[in-house]
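A quick write-up on the structure given underneath.
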2 protein chains.
Amino acid sequence: MAIMGRPREFNCEKALDLALQVFWRKGYEGASMADLTEAMGITKPSLYAAFGNKEELFRKALDRYVDGPGGYFQAALLKPTARDVVASLLYEAADALTNPDTPGCLAVQGALSCGEAAQTIKQELMARRAASEADLRRRLERAVAEGDLPADSDAADLARYVSAIMQGMAVQAAGGVGRDQLRKIADLALRNWPPL
Amino acid sequence: MAIMGRPREFNCEKALDLALQVFWRKGYEGASMADLTEAMGITKPSLYAAFGNKEELFRKALDRYVDGPGGYFQAALLKPTARDVVASLLYEAADALTNPDTPGCLAVQGALSCGEAAQTIKQELMARRAASEADLRRRLERAVAEGDLPADSDAADLARYVSAIMQGMAVQAAGGVGRDQLRKIADLALRNWPPL
DNA sequence: ACACATCCGTAACGCTCGGTATAGATGGAC
DNA sequence: GTCCATCTATACCGAGCGTTACGGATGTGT
């Protein structure tokens with residue numbers, strides 16, 4: 001049995017990308033269904049039929065983010081040395097955070113603080129940030145094992161340190177700071193790596 | 001002509017402190033008037049008579065924050081050396097961000113991203129963060145002039161760097177990271193100061 | 001004691017929110 | 001060409017939002 005009935009008139013993935021942009025700029029709570037449907041070019045019933053509800057839509061947009069524009073994070077972990085990994089993370093973050101197509105960090109701006117209704121989203125984002133930090137921590141643990149970092153380095157502390165700098169850059173970007181200024185933050189952070 | 005009519009039954013400053021706690025935990029948009037009136041122990045008409053509206057209430061709470069729990073920032077600028085200033089900022093931030101009475105950084109969590117209605121608040125917070133950073137920049141400029149920092153230091157870049165670390169710590173604190181872990185971030189940042 | 005300015009509480013306002021019932025349009029399967 | 005599953009669109013729902021009108025309560029100044 002192939003597909004039956006009237007086919008969908010819009011492209012699901014394109015619509016998700018448009019929704020992602022709205023969530024990016026306004027956060028989860030700040031983005032209203034009216035904002036979303038207008039940006040996506042579809043009506044509310046179509047949105048609900050295709051994506052379930054606002055929360056599921058956000059989660060799907062979030063998945064699309066980490067696999068797409070947010071992919072620089074996982075890509076950076078593949079660099080050969082710990083210094084390359086951290087440098088790549090910080091400079092790629094500076095670029096991504098100021099790219100007009102990918103404004104800011106969804107995991108930070110999405111729902112840092114919110115009302116009761118959005119707390120499951122807030123916790124989801126907290127978990128994602130923690131998971132990314134854990135990925136970085138494991139990469140740095142490997143670097144310690146390989147002698148790429150001093151043997152007495154605490155990979156967990158270093159990962160938290162680098163994560164905090166990236167998140168601080170995200171806050172700066174939300175405040176309108178530009179790419180070159182973010183890269184200078186990265187420069188300064190990298191002037192002592194590893195921070196001994 | 002002294003005061004006339006029925007005197008107010010609640011303490012304005014105490015009520016402001018209670019409102020501040022709500023804004024702290026839920027952000028500007030996430031805090032509803034019902035949340036606020038319940039926490040403050042007053043009814044809505046009393047709140048509107050005393051504070052104007054939600055936006056003015058937030059601004060008054062914000063003023064009370066910078067003069068009270070947020071005062072560590074200005075206090076840190078009075079330390080004798082640039083290193084003392086930065087160390088005080090980072091360690092005091094670690095303490096303040098994890099103090100149950102002053103949870104997180106209102107300037108970061110208040111309204112990082114939001115809907116249309118709250119964008120004046122968002123811009124106010126952006127301006128406050130920028131103003132704090134400018135205060136720090138001027139303090140570091142003084143340090144350069146005093147020979148306390150290398151003559152080729154860029155005070156603006158350094159101030160942005162330190163601000164980003166503090167804001168990153170605020171995001172970490174919003175994610176549940178504890179005091180000791182935040183202090184380790186401060187430790188790592190201070191291992192190269194100034195970052196040459 | 002009286003008058004009045006002010007505050008408190010109930011109850012409602014208009015609006016927007018996220019979400020949906022229903023009816024009409026569309027196009028593939030037979 | 002007919003059937004019918006599916007999509008689209010209008011119009012609406014109940015709930016919650018920030019805000020306010022109104023009337024009764026309260027204490028001060030005269």
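Lettering and numbering for the structure tokens are positional, with chains as A, B, ... in the shown order, residues counted from 1 in each chain, and ligands counted from 1 in the shown order.
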I need the chain C residues near chain B as a PyMOL selection string; criterion: at most 9 Å, counting only C-alpha atoms (C1' of nucleotides).
chain C and resi 4-9
I'd like the contact shell of Ser113 in chain B - 12 Å cut-off, only C-alpha atoms (C1' of nucleotides), skipping same-chain residues fewer than 3 positions apart - returned as a ChimeraX atom specification.
/A:22-31,103-114,170-171,173-175 /B:27-30,107-110,116-123,125-126
Mind dumping the selected residues with C-alpha atoms as a short mmCIF file (atom, residue, chain, number, x, y, z; two decimals), in the first residue's frame?
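Once written, result_18.cif looks like this:
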data_model
loop_
_atom_site.label_atom_id
_atom_site.label_comp_id
_atom_site.auth_asym_id
_atom_site.auth_seq_id
_atom_site.Cartn_x
_atom_site.Cartn_y
_atom_site.Cartn_z
CA VAL A 22 12.17 31.39 15.08
CA PHE A 23 13.10 29.36 18.17
CA TRP A 24 16.63 30.59 17.76
CA ARG A 25 15.67 34.23 17.86
CA LYS A 26 12.88 34.14 20.43
CA GLY A 27 13.52 31.09 22.57
CA TYR A 28 11.00 28.37 23.26
CA GLU A 29 8.51 30.37 25.27
CA GLY A 30 9.00 33.59 23.33
CA ALA A 31 8.09 31.92 20.05
CA PRO A 103 22.05 33.25 15.40
CA GLY A 104 23.24 32.28 18.85
CA CYS A 105 23.22 28.96 20.64
CA LEU A 106 19.85 27.28 20.81
CA ALA A 107 20.90 25.21 23.81
CA VAL A 108 21.65 28.38 25.79
CA GLN A 109 19.05 30.82 24.50
CA GLY A 110 16.24 28.30 24.11
CA ALA A 111 15.11 28.31 27.71
CA LEU A 112 17.65 29.41 30.32
CA SER A 113 14.86 30.35 32.68
CA CYS A 114 11.17 29.97 32.08
CA ALA A 170 26.83 32.73 23.49
CA VAL A 171 25.64 35.28 26.04
CA ALA A 173 26.59 37.07 21.07
CA ALA A 174 23.05 37.48 22.39
CA GLY A 175 24.15 40.94 23.46
CA GLY B 27 13.00 35.13 34.31
CA TYR B 28 10.95 38.13 33.32
CA GLU B 29 8.52 36.42 30.98
CA GLY B 30 8.33 33.20 32.95
CA ALA B 107 21.15 40.02 34.07
CA VAL B 108 21.75 36.77 32.19
CA GLN B 109 18.72 34.70 33.12
CA GLY B 110 16.22 37.55 33.15
CA GLU B 116 8.06 40.78 21.37
CA ALA B 117 6.47 41.98 24.59
CA ALA B 118 9.66 41.64 26.62
CA GLN B 119 12.19 43.03 24.20
CA THR B 120 12.53 46.32 26.02
CA ILE B 121 13.49 44.29 29.09
CA LYS B 122 15.91 42.23 27.04
CA GLN B 123 17.56 45.39 25.78
CA LEU B 125 19.55 43.75 30.48
CA MET B 126 21.87 43.86 27.48
#
Using only C-alpha atoms (C1' of nucleotides), what does the table of chain D residues within 9 Å of chain A look like, with each row giving the shortest atom pair and its distance in Å to one decimal, sorted by chain and ascending number, as JSON lines?
{"residue": "D:DC4", "atom": "C1'", "partner": "A:Gly5", "partner_atom": "CA", "distance": 7.4}
{"residue": "D:DA5", "atom": "C1'", "partner": "A:Gly5", "partner_atom": "CA", "distance": 4.2}
{"residue": "D:DT6", "atom": "C1'", "partner": "A:Gly5", "partner_atom": "CA", "distance": 4.2}
{"residue": "D:DC7", "atom": "C1'", "partner": "A:Arg6", "partner_atom": "CA", "distance": 5.6}
{"residue": "D:DT8", "atom": "C1'", "partner": "A:Ser46", "partner_atom": "CA", "distance": 7.2}
{"residue": "D:DA9", "atom": "C1'", "partner": "A:Thr43", "partner_atom": "CA", "distance": 7.6}
Enumerate, as a PyMOL selection string, the complete set of residues in range 66-170 of chain B that a backbone-based DSSP assignment places in helix (DSSP H, G or I).
chain B and resi 66-67+69-76+82-97+106-109+116-145+155-170
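Considering the residues A:Arg191, A:Phe10, A:Ala155, A:Ser88 and counting only C-alpha atoms, Asp135 in chain A has its shortest atom-to-atom contact with A:Ala155.
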Among listed residues B:Pro150, B:Gly70, B:Gly52, B:Pro100, nearest Ala82 in chain B (using only C-alpha atoms):
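For Ala82 in chain B, the nearest of the candidates is B:Pro150.
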When you draw a straight line from CA of Asp154 in chain B to CA of Asp187 in chain A, how long is it in Å?
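These two atoms are separated by 12.4 Å.
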Of the candidates A:Asp35, A:Glu55, A:Glu141, A:Asp17, which one gets nearest to chain B if we count only C-alpha atoms?
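Ranked by minimum distance to chain B, first place goes to A:Asp35.
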Which neighbours of Gln172 in chain B fall inside 12 Å, counting only C-alpha atoms (C1' of nucleotides), when residues of the same chain fewer than 6 positions from it are skipped, and could you give them as a PyMOL selection string?
(chain A and resi 107-108+112+125-127+129-130+133+159-168+171) or (chain B and resi 93-94+97-98+103-105+108-109+165-166+178-179+181-183+185)
Figure out the distance between CA of Tyr65 in chain A and CA of Ala143 in chain A, please, to one decimal in Å.
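Between CA of Ala143 in chain A and CA of Tyr65 in chain A the gap works out to 27.5 Å.
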